[in-house]
Protein chains: 2
Amino acid sequence: MSLVVQKYGGSSVADPARIQKVAGRVAATRRKGHSLVVVVSALGDTTDDLLRLSRQISKNPSRRELDMLMSTGEQISVALLAMALHETGCDAISFTGGQVGIRTDSAYTRARILNINTDRIRRELEKKRVVIVAGFQGVSPQREITTLGRGGSDLTAVALAKALSADACEIYTDVEGIFTTDPRIAKDARKIGRISYEEMLELASSGAQVMQSRSIEVAGKFNIPIHVRSSFSDKQGTWIVKEDRSMEEVLIRGVSLNKSEAKLTVNGLPNRPGVAAAIFRALARDGINVDMIIQNIGKLTDTAISFTVPKGESDHALKSIGALRGRLGFRDVSLDSNIAKVSVVGIGMRSHAGVAAAMFEALGKNRINIEMISTSEIKISCVVKKGDGEKAARILHEEFRLGKKGGR
Amino acid sequence: MSLVVQKYGGSSVADPARIQKVAGRVAATRRKGHSLVVVVSALGDTTDDLLRLSRQISKNPSRRELDMLMSTGEQISVALLAMALHETGCDAISFTGGQVGIRTDSAYTRARILNINTDRIRRELEKKRVVIVAGFQGVSPQREITTLGRGGSDLTAVALAKALSADACEIYTDVEGIFTTDPRIAKDARKIGRISYEEMLELASSGAQVMQSRSIEVAGKFNIPIHVRSSFSDKQGTWIVKEDRSMEEVLIRGVSLNKSEAKLTVNGLPNRPGVAAAIFRALARDGINVDMIIQNIGKLTDTAISFTVPKGESDHALKSIGALRGRLGFRDVSLDSNIAKVSVVGIGMRSHAGVAAAMFEALGKNRINIEMISTSEIKISCVVKKGDGEKAARILHEEFRLGKKGGR
């Protein structure tokens with residue numbers, strides 16, 4: 001008998017009918033004899049509904065009160081799922097994050113898990129009960145309710161799998177797994193059977209939104225195998241596991257596309273030490289997530305720095321940089337929201353030269369202009385015009401033979 | 001500087017605009033220098049929405065899971081009110097029942113408060129913060145979430161007023177106070193300035209739905225003055241206080257009408273000892289709230305027993321009694337939902353004879369047939385045909401000179 005942690009996202013529990021389906025799946029797993037801990041997100045749009053309510057009252061609400069508010073979404077889900085399981089004759093009990101000892105720091109709206117006291121969960125599992133835990137939330141040392149940030153239910157599941165030494169952690173979602181690229185972009189995209197934590201992390205941070213990055217990091221750190229699969233079918237999904245030698249045989253694991261970033265360029269910046277540091281220190285202080293950075297040296301006297309940020313933070317970034325103008329003496333800041341970032345990811349890249357050249361050539365041959373480039377050990381990203389984004393992803397998907405015909 | 005506990009019901013916080021109004025009122029009280037603890041119910045229809053969700057999943061959900069679910073309603077309210085108070089510049093902090101140490105027993109959906117550890121509240125009051133507490137909920141010795149039953153937010157307010165030795169407990173609602181009868185029934189109904197706990201208790205249990213009975217009992221037990229008033233105006237409402245001599249000068253304090261009960265009659269019941277006990281033991285075991293009971297002795301060999309229950313429980317009661325038929329050997333059970341109960345209440349009754357006679361005469365003169373009668377020391381109730389209910393209440397309101405012209 002093994003211990004399995006399952007996590008169901010908001011779309012899997014969007015309404016009573018879907019909750020009943022999830023209950024059916026959980027009960028079936030239970031009947032196979034597995035011990036089960038189930039983590040649930042808030043029902044469908046609940047999180048957005050609550051946020052809208054709070055915005056009608058305050059544009060900049062207290063983060064503590066936001067967490068008090070938002071944590072109710074998951075609490076509703078766990079109670080309803082427990083009721084649905086009882087209806088199937090399956091014994092189950094629901095808990096808030098606080099009740100099952102998910103201790104976090106006090107960084108409201110983006111708290112970090114400090115530790116998990118699993119006593120209560122183990123007691124309930126011994127009674128042969130399915131334990132249902134509200135995702136996304138915990139409790140601070142002062143017993144205040146905290147939340148772990150968007151996608152935090154993934155983190156709850158992975159952290160529980162670690163704390164309980166679970167045999168598997170299954171992430172249920174509305175897609176069948178991780179694909180070589182978005183199937184809406186390339187029809188012959190293949191479902192990836194196994195992918196390493198590192199590759200998944202690079203794919204997630206470059207546009208694939210199946211799982212929250214921090215939860216992949218934690219899973220990798222503690223070597224917890226993750227099975228990403230559909231809550232609407234019984235098919236095997238994608239296993240996220242520790243890198244092994246066979247994985248290196250594949251040059252590129254996947255191609256991702258991210259259209260949610262904007263590019264800012266600071267023009268006419270004096271070419272002297274400390275200028276770049278001043279800019280990125282200001283952005284960090286204002287909590288803006290900077291992704292790619294490039295610096296073009298134009299003349300000897302001045303330069304330009306470009307960087308990308310999530311579109312939702314671009315206005316904030318403009319303001320943040322604008323405030324430095326007097327001190328740094330640059331000419332102006334320009335904003336370009338009309339961009340897309342296409343990335344190829346694969347640990348096979350490490351031992352094979354020429355991936356970058358092949359990528360740039362394929363794009364060039366198809367007259368797609370590259371505006372920015374950034375690389376990591378296992379990823380190469382290019383910023384292109386937004387209109388070229390999907391075409392670029394398709395070209396690279398074909399170039400590296402990732403489709404159903406080309407792949408192994 | 002005094003300490004005031006204020007409670008706002010669901011209609012007072014039905015939407016963001018109303019929450020902002022409540023925040024304005026709270027902030028104004030705070031500016032007067034009072035220390036403030038505010039208890040809030042769930043937003044408008046939230047409780048019903050949650051119940052509907054649960055019913056789509058289970059007809060008879062686990063009470064523990066129901067409490068897990070229902071308690072989210074008040075948690076949403078307190079977070080939003082705290083945000084609204086922050087917007088007015090007033091420092092405030094919200095808490096769940098569990099966080100402020102409202103300890104209850106484990107009787108889910110109708111838990112009783114065992115004690116309140118006020119340390120956390122006092123610490124926050126010392127910081128000059130308004131403390132906002134989720135009504136209706138507490139936490140069991142096993143740290144499970146419990147709720148106090150419908151109207152439980154009143155009880156939260158009264159219990160906090162007691163635990164904190166508050167100077168006043170204000171119950172804000174959508175009416176201006178307690179009236180001599182429902183102003184929709186008698187246009188000249190007067191707002192009552194002061195009423196004793198006992199009278200209020202009788203009025204509440206006989207139809208006036210302004211405050212939950214248990215909270216009035218607790219207030220009376222600990223002699224906590226309650227001010228029932230409107231959240232939409234600044235007028236004085238009704239004070240519920242300890243009985244004093246001046247109150248006895250008024251014969252009848254008010255007339256109440258209850259149209260939410262049904263009458264069951266068990267016919268052809270063998271006239272032998274223990275039969276009535278068997279019936280009401282079965283009803284009690286099934287958790288059915290029986291109000292009035294009368295027994296008619298017909299022939300020597302058999303009898304009939306009639307009693308009233310809340311309409312929502314009448315089917316359950318029919319089933320409960322039906323199951324006894326084989327054992328008790330009665331003829332049948334009949335149900336009459338077409339009834340109304342009209343009651344007159346007043347502690348002056350104790351020292352004045354003839355109230356019952358005056359009541360029956362007034363109804364008789366107006367050709368209203370009385371079907372059942374029950375009396376307490378300070379109340380007389382009559383069951384009449386439903387269609388006669390409002391007329392009966394008007395007649396008695398006039399008979400005892402409770403209206404604006406007749407009253408003192």
# chains A, B, ... in the order shown; residues from 1 in each chain; ligands from 1
$ interface_residues --of "chain B" --to "chain A" --cutoff "6 Å" --atoms "only C-alpha atoms" --output "list in words"
Ile57, Pro61, Glu65, Met68, Leu69, Thr72, Ile76, Ala79, Met83 and Ala84 of chain B
$ write_last_selection --atoms "C-alpha atoms" --output "CSV table (one decimal), in the first residue's frame"
chain,number,residue,atom,x,y,z
B,57,ILE,CA,-23.6,17.6,-3.4
B,61,PRO,CA,-23.9,16.6,4.7
B,65,GLU,CA,-18.0,19.7,6.9
B,68,MET,CA,-16.0,24.2,7.6
B,69,LEU,CA,-18.1,25.5,4.7
B,72,THR,CA,-16.1,31.0,5.3
B,76,ILE,CA,-15.1,37.0,4.0
B,79,ALA,CA,-11.6,40.8,5.9
B,83,MET,CA,-10.1,46.8,4.3
B,84,ALA,CA,-12.9,49.3,4.3
$ calpha_fit_and_write --fixed "chain B" --moving "chain A" --output "short mmCIF file (atom, residue, chain, number, x, y, z; two decimals) with C-alpha atoms, in the first residue's frame"
data_model
loop_
_atom_site.label_atom_id
_atom_site.label_comp_id
_atom_site.auth_asym_id
_atom_site.auth_seq_id
_atom_site.Cartn_x
_atom_site.Cartn_y
_atom_site.Cartn_z
CA MET A 1 -13.56 55.93 27.53
CA SER A 2 -15.82 52.93 27.25
CA LEU A 3 -15.66 49.58 25.51
CA VAL A 4 -18.45 48.91 23.03
CA VAL A 5 -19.26 45.70 21.15
CA GLN A 6 -21.14 46.30 17.89
CA LYS A 7 -22.70 43.59 15.76
CA TYR A 8 -23.72 44.09 12.13
CA GLY A 9 -26.01 41.59 10.45
CA GLY A 10 -25.82 40.27 6.90
CA SER A 11 -28.10 42.92 5.40
CA SER A 12 -25.86 45.66 6.84
CA VAL A 13 -22.83 44.26 4.98
CA ALA A 14 -24.57 42.95 1.86
CA ASP A 15 -22.21 44.62 -0.64
CA PRO A 16 -19.05 46.78 -0.77
CA ALA A 17 -21.08 50.03 -0.59
CA ARG A 18 -22.84 48.93 2.60
CA ILE A 19 -19.58 47.68 4.09
CA GLN A 20 -18.16 51.15 3.51
CA LYS A 21 -21.17 52.65 5.32
CA VAL A 22 -20.62 50.35 8.28
CA ALA A 23 -16.94 51.35 8.25
CA GLY A 24 -18.00 55.01 8.39
CA ARG A 25 -20.18 54.34 11.42
CA VAL A 26 -17.50 52.29 13.18
CA ALA A 27 -14.86 54.95 12.49
CA ALA A 28 -17.18 57.64 13.89
CA THR A 29 -17.69 55.64 17.10
CA ARG A 30 -13.93 55.15 17.31
CA ARG A 31 -13.29 58.89 16.93
CA LYS A 32 -15.51 59.52 19.95
CA GLY A 33 -12.78 57.70 21.88
CA HIS A 34 -14.53 54.38 22.48
CA SER A 35 -12.69 51.06 22.32
CA LEU A 36 -14.46 48.95 19.76
CA VAL A 37 -14.99 45.29 19.02
CA VAL A 38 -17.08 44.71 15.90
CA VAL A 39 -18.80 41.39 15.13
CA VAL A 40 -19.91 40.81 11.55
CA SER A 41 -22.17 38.29 9.83
CA ALA A 42 -21.68 36.92 6.32
CA LEU A 43 -22.40 39.20 3.36
CA GLY A 44 -26.10 39.22 2.45
CA ASP A 45 -26.84 35.95 0.69
CA THR A 46 -23.43 34.30 1.12
CA THR A 47 -24.70 31.79 3.67
CA ASP A 48 -27.52 30.70 1.36
CA ASP A 49 -25.14 30.53 -1.62
CA LEU A 50 -22.78 28.25 0.29
CA LEU A 51 -25.65 26.05 1.47
CA ARG A 52 -26.88 25.73 -2.11
CA LEU A 53 -23.40 24.66 -3.26
CA SER A 54 -23.26 21.99 -0.56
CA ARG A 55 -26.75 20.72 -1.44
CA GLN A 56 -25.69 20.22 -5.04
CA ILE A 57 -23.11 17.80 -3.72
CA SER A 58 -24.80 16.16 -0.76
CA LYS A 59 -28.30 16.09 0.67
CA ASN A 60 -27.03 15.26 4.10
CA PRO A 61 -23.50 16.62 4.37
CA SER A 62 -21.20 15.97 7.32
CA ARG A 63 -21.80 18.65 9.94
CA ARG A 64 -18.07 19.12 10.43
CA GLU A 65 -17.61 19.85 6.72
CA LEU A 66 -20.66 22.13 6.72
CA ASP A 67 -19.02 24.22 9.44
CA MET A 68 -15.73 24.26 7.51
CA LEU A 69 -17.74 25.58 4.55
CA MET A 70 -20.12 28.01 6.25
CA SER A 71 -17.49 29.72 8.40
CA THR A 72 -15.88 31.17 5.26
CA GLY A 73 -18.82 33.58 4.87
CA GLU A 74 -17.98 35.56 7.99
CA GLN A 75 -14.27 35.37 7.27
CA ILE A 76 -14.85 37.19 3.99
CA SER A 77 -16.87 39.91 5.78
CA VAL A 78 -14.29 40.67 8.45
CA ALA A 79 -11.44 40.98 5.95
CA LEU A 80 -13.44 43.35 3.77
CA LEU A 81 -14.58 45.47 6.72
CA ALA A 82 -10.98 45.76 7.93
CA MET A 83 -9.94 46.97 4.47
CA ALA A 84 -12.80 49.48 4.43
CA LEU A 85 -11.78 50.80 7.87
CA HIS A 86 -8.18 51.18 6.73
CA GLU A 87 -9.46 53.32 3.87
CA THR A 88 -11.07 55.70 6.39
CA GLY A 89 -7.73 55.96 8.17
CA CYS A 90 -8.93 53.88 11.11
CA ASP A 91 -6.56 51.18 12.37
CA ALA A 92 -8.32 47.81 12.46
CA ILE A 93 -7.57 44.09 12.40
CA SER A 94 -9.81 41.16 11.58
CA PHE A 95 -9.97 37.74 13.23
CA THR A 96 -11.69 34.41 12.82
CA GLY A 97 -13.55 33.04 15.84
CA GLY A 98 -10.71 30.61 16.45
CA GLN A 99 -8.02 33.28 16.36
CA VAL A 100 -9.65 35.28 19.17
CA GLY A 101 -10.09 32.24 21.36
CA ILE A 102 -13.84 31.61 21.06
CA ARG A 103 -13.75 28.03 22.36
CA THR A 104 -16.81 25.89 21.79
CA ASP A 105 -17.86 22.29 22.27
CA SER A 106 -17.77 19.97 19.24
CA ALA A 107 -21.48 20.07 18.39
CA TYR A 108 -21.00 21.11 14.78
CA THR A 109 -23.60 23.50 13.28
CA ARG A 110 -24.94 24.35 16.76
CA ALA A 111 -21.93 24.52 19.02
CA ARG A 112 -22.08 26.14 22.45
CA ILE A 113 -19.45 28.62 23.56
CA LEU A 114 -17.40 27.18 26.44
CA ASN A 115 -15.16 30.18 27.11
CA ILE A 116 -13.36 33.04 25.45
CA ASN A 117 -9.68 33.78 25.89
CA THR A 118 -9.60 37.54 25.40
CA ASP A 119 -5.80 38.03 25.50
CA ARG A 120 -5.40 38.65 21.81
CA ILE A 121 -8.35 41.07 21.64
CA ARG A 122 -7.09 43.06 24.63
CA ARG A 123 -3.60 43.32 23.13
CA GLU A 124 -5.04 44.72 19.90
CA LEU A 125 -7.37 47.13 21.74
CA GLU A 126 -4.37 48.45 23.64
CA LYS A 127 -2.80 49.28 20.28
CA LYS A 128 -5.90 51.47 19.67
CA ARG A 129 -7.10 49.14 16.94
CA VAL A 130 -10.68 48.32 16.12
CA VAL A 131 -10.96 44.55 16.54
CA ILE A 132 -13.22 42.87 13.98
CA VAL A 133 -14.41 39.37 14.82
CA ALA A 134 -16.12 36.86 12.53
CA GLY A 135 -19.51 36.11 14.04
CA PHE A 136 -21.23 32.71 14.24
CA GLN A 137 -18.04 30.67 14.64
CA GLY A 138 -15.59 29.23 17.11
CA VAL A 139 -13.06 26.47 17.51
CA SER A 140 -13.44 23.17 19.34
CA PRO A 141 -10.91 21.75 21.83
CA GLN A 142 -9.52 19.70 18.89
CA ARG A 143 -9.02 22.97 16.93
CA GLU A 144 -11.85 22.10 14.55
CA ILE A 145 -13.92 24.96 13.14
CA THR A 146 -17.44 25.07 14.61
CA THR A 147 -20.48 27.28 14.05
CA LEU A 148 -23.10 28.42 16.55
CA GLY A 149 -26.26 27.96 14.49
CA ARG A 150 -28.37 30.48 12.58
CA GLY A 151 -28.27 33.90 14.18
CA GLY A 152 -25.12 32.87 15.99
CA SER A 153 -23.43 36.22 15.35
CA ASP A 154 -25.72 37.76 17.99
CA LEU A 155 -24.40 35.20 20.42
CA THR A 156 -20.79 35.99 19.46
CA ALA A 157 -21.45 39.67 20.20
CA VAL A 158 -23.13 39.04 23.56
CA ALA A 159 -20.50 36.51 24.64
CA LEU A 160 -17.70 38.93 23.73
CA ALA A 161 -19.46 41.76 25.60
CA LYS A 162 -19.57 39.49 28.64
CA ALA A 163 -15.98 38.26 28.35
CA LEU A 164 -14.63 41.79 27.89
CA SER A 165 -16.98 43.37 30.47
CA ALA A 166 -18.08 45.77 27.74
CA ASP A 167 -20.08 48.86 28.63
CA ALA A 168 -22.60 48.24 25.86
CA CYS A 169 -23.55 45.74 23.20
CA GLU A 170 -25.15 47.23 20.10
CA ILE A 171 -27.00 44.98 17.66
CA TYR A 172 -27.33 46.71 14.28
CA THR A 173 -30.08 45.50 12.01
CA ASP A 174 -32.32 46.69 9.18
CA VAL A 175 -35.18 47.79 11.48
CA GLU A 176 -35.14 50.62 14.00
CA GLY A 177 -35.70 48.48 17.07
CA ILE A 178 -38.37 46.29 18.64
CA PHE A 179 -41.95 47.38 17.93
CA THR A 180 -45.19 46.79 19.84
CA THR A 181 -46.13 44.67 16.84
CA ASP A 182 -44.95 44.30 13.25
CA PRO A 183 -45.46 47.79 11.67
CA ARG A 184 -46.54 46.09 8.45
CA ILE A 185 -49.53 44.70 10.37
CA ALA A 186 -50.49 47.70 12.49
CA LYS A 187 -49.51 51.09 11.12
CA ASP A 188 -49.59 52.72 14.53
CA ALA A 189 -47.11 50.25 16.04
CA ARG A 190 -44.68 52.04 18.36
CA LYS A 191 -40.97 51.44 18.84
CA ILE A 192 -40.42 50.11 22.37
CA GLY A 193 -37.84 52.12 24.30
CA ARG A 194 -36.98 49.55 26.96
CA ILE A 195 -37.92 45.90 27.24
CA SER A 196 -36.88 43.22 29.72
CA TYR A 197 -34.81 40.17 28.71
CA GLU A 198 -37.74 37.91 29.56
CA GLU A 199 -40.22 39.81 27.45
CA MET A 200 -37.79 39.93 24.54
CA LEU A 201 -37.22 36.21 24.86
CA GLU A 202 -40.95 35.50 24.72
CA LEU A 203 -41.38 37.86 21.76
CA ALA A 204 -38.44 36.27 19.91
CA SER A 205 -39.71 32.76 20.46
CA SER A 206 -43.21 33.73 19.38
CA GLY A 207 -42.30 35.32 16.07
CA ALA A 208 -40.28 38.56 16.37
CA GLN A 209 -37.10 37.68 14.47
CA VAL A 210 -34.88 40.60 15.43
CA MET A 211 -32.51 38.70 17.68
CA GLN A 212 -31.55 35.08 18.29
CA SER A 213 -33.15 33.66 21.46
CA ARG A 214 -30.02 32.09 22.92
CA SER A 215 -28.15 35.39 22.76
CA ILE A 216 -30.98 37.10 24.70
CA GLU A 217 -30.83 34.36 27.33
CA VAL A 218 -27.09 34.81 27.73
CA ALA A 219 -27.41 38.61 27.86
CA GLY A 220 -30.06 38.25 30.58
CA LYS A 221 -28.03 35.73 32.56
CA PHE A 222 -25.08 38.11 32.74
CA ASN A 223 -27.12 41.32 32.76
CA ILE A 224 -25.57 42.79 29.61
CA PRO A 225 -27.61 45.71 28.26
CA ILE A 226 -28.37 45.28 24.55
CA HIS A 227 -29.17 48.15 22.23
CA VAL A 228 -31.02 46.95 19.11
CA ARG A 229 -30.88 49.68 16.46
CA SER A 230 -30.79 50.42 12.76
CA SER A 231 -27.54 50.48 10.81
CA PHE A 232 -29.15 52.98 8.45
CA SER A 233 -29.97 55.74 10.97
CA ASP A 234 -28.64 57.35 14.13
CA LYS A 235 -31.89 57.11 16.09
CA GLN A 236 -32.02 55.39 19.44
CA GLY A 237 -33.39 51.88 19.06
CA THR A 238 -34.67 49.53 21.75
CA TRP A 239 -32.74 48.73 24.92
CA ILE A 240 -33.07 45.17 26.21
CA VAL A 241 -32.34 45.39 29.92
CA LYS A 242 -32.99 43.87 33.31
CA GLU A 243 -36.58 44.11 34.45
CA ASP A 244 -37.31 47.04 36.77
CA ARG A 245 -40.40 48.13 38.66
CA SER A 246 -41.49 50.76 36.09
CA MET A 247 -41.84 48.04 33.49
CA GLU A 248 -44.63 46.38 35.42
CA GLU A 249 -46.81 49.41 34.92
CA VAL A 250 -47.27 48.35 31.33
CA LEU A 251 -49.61 45.39 31.06
CA ILE A 252 -48.63 44.19 27.59
CA ARG A 253 -45.30 45.07 25.97
CA GLY A 254 -46.03 43.71 22.52
CA VAL A 255 -48.02 41.47 20.23
CA SER A 256 -46.27 38.99 17.97
CA LEU A 257 -47.47 36.89 15.08
CA ASN A 258 -45.91 33.65 13.89
CA LYS A 259 -47.08 32.12 10.62
CA SER A 260 -44.24 29.65 10.26
CA GLU A 261 -45.66 26.78 12.33
CA ALA A 262 -47.87 23.83 11.46
CA LYS A 263 -50.21 21.85 13.68
CA LEU A 264 -50.14 18.05 13.89
CA THR A 265 -52.93 16.06 15.52
CA VAL A 266 -52.64 12.41 16.54
CA ASN A 267 -56.21 11.03 16.50
CA GLY A 268 -57.70 7.95 18.18
CA LEU A 269 -54.88 7.52 20.65
CA PRO A 270 -55.51 4.87 23.36
CA ASN A 271 -56.12 6.62 26.64
CA ARG A 272 -53.39 4.98 28.72
CA PRO A 273 -50.35 6.21 30.64
CA GLY A 274 -47.06 6.70 28.76
CA VAL A 275 -48.59 7.33 25.36
CA ALA A 276 -47.86 11.08 25.29
CA ALA A 277 -44.38 10.45 26.63
CA ALA A 278 -43.67 7.97 23.80
CA ILE A 279 -44.70 10.54 21.18
CA PHE A 280 -42.65 13.43 22.49
CA ARG A 281 -39.66 11.25 23.25
CA ALA A 282 -39.63 10.17 19.59
CA LEU A 283 -39.89 13.78 18.41
CA ALA A 284 -37.08 14.89 20.71
CA ARG A 285 -34.85 12.04 19.55
CA ASP A 286 -35.39 13.14 15.95
CA GLY A 287 -34.45 16.72 16.85
CA ILE A 288 -37.87 18.21 16.14
CA ASN A 289 -38.72 21.44 17.95
CA VAL A 290 -42.18 21.12 19.45
CA ASP A 291 -43.80 24.39 20.53
CA MET A 292 -47.41 24.22 21.84
CA ILE A 293 -49.06 20.99 23.03
CA ILE A 294 -52.70 20.33 23.92
CA GLN A 295 -54.54 17.13 24.67
CA ASN A 296 -58.30 16.71 24.15
CA ILE A 297 -59.93 13.91 26.00
CA GLY A 298 -62.76 12.70 23.81
CA LYS A 299 -64.23 9.38 24.85
CA LEU A 300 -63.04 7.33 27.77
CA THR A 301 -61.21 4.90 25.54
CA ASP A 302 -59.31 7.19 23.24
CA THR A 303 -57.95 10.73 23.01
CA ALA A 304 -56.22 13.18 20.66
CA ILE A 305 -53.00 15.15 21.05
CA SER A 306 -52.21 18.26 19.00
CA PHE A 307 -48.92 20.10 18.84
CA THR A 308 -47.17 22.67 16.69
CA VAL A 309 -43.77 22.45 15.00
CA PRO A 310 -41.87 24.72 12.57
CA LYS A 311 -43.31 24.14 9.07
CA GLY A 312 -39.92 22.99 7.77
CA GLU A 313 -39.97 20.11 10.27
CA SER A 314 -43.56 18.97 9.77
CA ASP A 315 -42.80 16.21 7.24
CA HIS A 316 -40.07 14.90 9.46
CA ALA A 317 -42.48 14.96 12.43
CA LEU A 318 -45.16 13.08 10.46
CA LYS A 319 -42.64 10.35 9.69
CA SER A 320 -41.39 10.24 13.24
CA ILE A 321 -44.91 9.80 14.63
CA GLY A 322 -46.01 7.45 11.85
CA ALA A 323 -43.27 5.02 12.87
CA LEU A 324 -44.94 4.67 16.29
CA ARG A 325 -48.32 3.65 14.96
CA GLY A 326 -47.79 -0.08 15.29
CA ARG A 327 -46.64 0.23 18.87
CA LEU A 328 -49.16 2.84 20.10
CA GLY A 329 -52.14 1.84 17.98
CA PHE A 330 -53.57 5.31 17.21
CA ARG A 331 -55.94 5.93 14.29
CA ASP A 332 -54.13 8.55 12.19
CA VAL A 333 -52.06 11.75 12.18
CA SER A 334 -53.37 14.91 10.52
CA LEU A 335 -51.41 17.98 9.49
CA ASP A 336 -52.71 21.56 9.33
CA SER A 337 -50.30 24.13 7.86
CA ASN A 338 -52.99 26.77 7.64
CA ILE A 339 -52.49 28.27 11.10
CA ALA A 340 -51.07 31.37 12.75
CA LYS A 341 -50.02 31.94 16.33
CA VAL A 342 -50.72 35.30 17.92
CA SER A 343 -49.14 36.11 21.29
CA VAL A 344 -49.31 38.92 23.83
CA VAL A 345 -46.23 39.40 26.03
CA GLY A 346 -45.61 41.55 29.08
CA ILE A 347 -44.22 41.19 32.58
CA GLY A 348 -47.09 43.39 33.81
CA MET A 349 -49.30 40.34 33.28
CA ARG A 350 -47.85 38.73 36.38
CA SER A 351 -49.58 41.15 38.74
CA HIS A 352 -52.75 41.75 36.75
CA ALA A 353 -55.49 39.17 36.40
CA GLY A 354 -57.84 39.05 33.48
CA VAL A 355 -55.43 39.44 30.57
CA ALA A 356 -56.39 36.05 29.17
CA ALA A 357 -60.09 36.83 29.48
CA ALA A 358 -59.64 40.19 27.76
CA MET A 359 -57.67 38.53 24.96
CA PHE A 360 -60.20 35.74 24.34
CA GLU A 361 -63.11 38.18 24.50
CA ALA A 362 -61.54 40.56 21.98
CA LEU A 363 -60.93 37.71 19.56
CA GLY A 364 -64.40 36.22 20.14
CA LYS A 365 -66.14 39.55 19.62
CA ASN A 366 -64.46 39.68 16.22
CA ARG A 367 -65.51 36.10 15.38
CA ILE A 368 -61.99 34.75 15.39
CA ASN A 369 -61.99 31.12 16.45
CA ILE A 370 -59.25 30.00 18.86
CA GLU A 371 -57.86 26.52 18.08
CA MET A 372 -55.16 26.15 20.72
CA ILE A 373 -54.07 28.14 23.77
CA SER A 374 -50.83 28.11 25.70
CA THR A 375 -49.65 30.38 28.46
CA SER A 376 -46.50 31.22 30.36
CA GLU A 377 -46.12 33.59 33.28
CA ILE A 378 -45.67 36.57 30.96
CA LYS A 379 -47.17 35.37 27.66
CA ILE A 380 -50.47 34.09 26.24
CA SER A 381 -50.49 32.51 22.79
CA CYS A 382 -53.50 31.53 20.67
CA VAL A 383 -53.48 29.49 17.48
CA VAL A 384 -56.02 30.76 14.94
CA LYS A 385 -56.70 30.17 11.25
CA LYS A 386 -53.88 31.59 9.16
CA GLY A 387 -56.23 34.01 7.39
CA ASP A 388 -57.23 35.50 10.75
CA GLY A 389 -53.65 35.99 11.98
CA GLU A 390 -52.97 39.60 11.00
CA LYS A 391 -56.46 40.71 11.96
CA ALA A 392 -56.07 39.07 15.38
CA ALA A 393 -52.74 40.83 15.94
CA ARG A 394 -54.28 44.18 14.99
CA ILE A 395 -57.25 43.64 17.30
CA LEU A 396 -55.05 42.76 20.28
CA HIS A 397 -52.67 45.64 19.53
CA GLU A 398 -55.68 47.95 19.79
CA GLU A 399 -57.32 46.14 22.70
CA PHE A 400 -54.24 46.61 24.88
CA ARG A 401 -53.73 50.21 23.65
CA LEU A 402 -50.24 49.62 22.30
CA GLY A 403 -50.52 52.01 19.34
CA LYS A 404 -49.25 55.56 19.09
CA LYS A 405 -52.55 57.01 20.28
CA GLY A 406 -53.36 54.53 23.01
CA GLY A 407 -49.92 54.08 24.56
CA ARG A 408 -48.25 56.20 27.19
#
$ select_by_dssp --residues "stretch 73-300 of chain A" --states "alpha helix (DSSP H)" --output "JSON, numbers by chain"
{"A": [73, 74, 75, 76, 77, 78, 79, 80, 81, 82, 83, 84, 85, 86, 87, 119, 120, 121, 122, 123, 124, 125, 126, 152, 153, 154, 155, 156, 157, 158, 159, 160, 161, 162, 163, 197, 198, 199, 200, 201, 202, 203, 204, 205, 213, 214, 215, 216, 217, 218, 219, 220, 221, 275, 276, 277, 278, 279, 280, 281, 282, 283, 284, 285]}
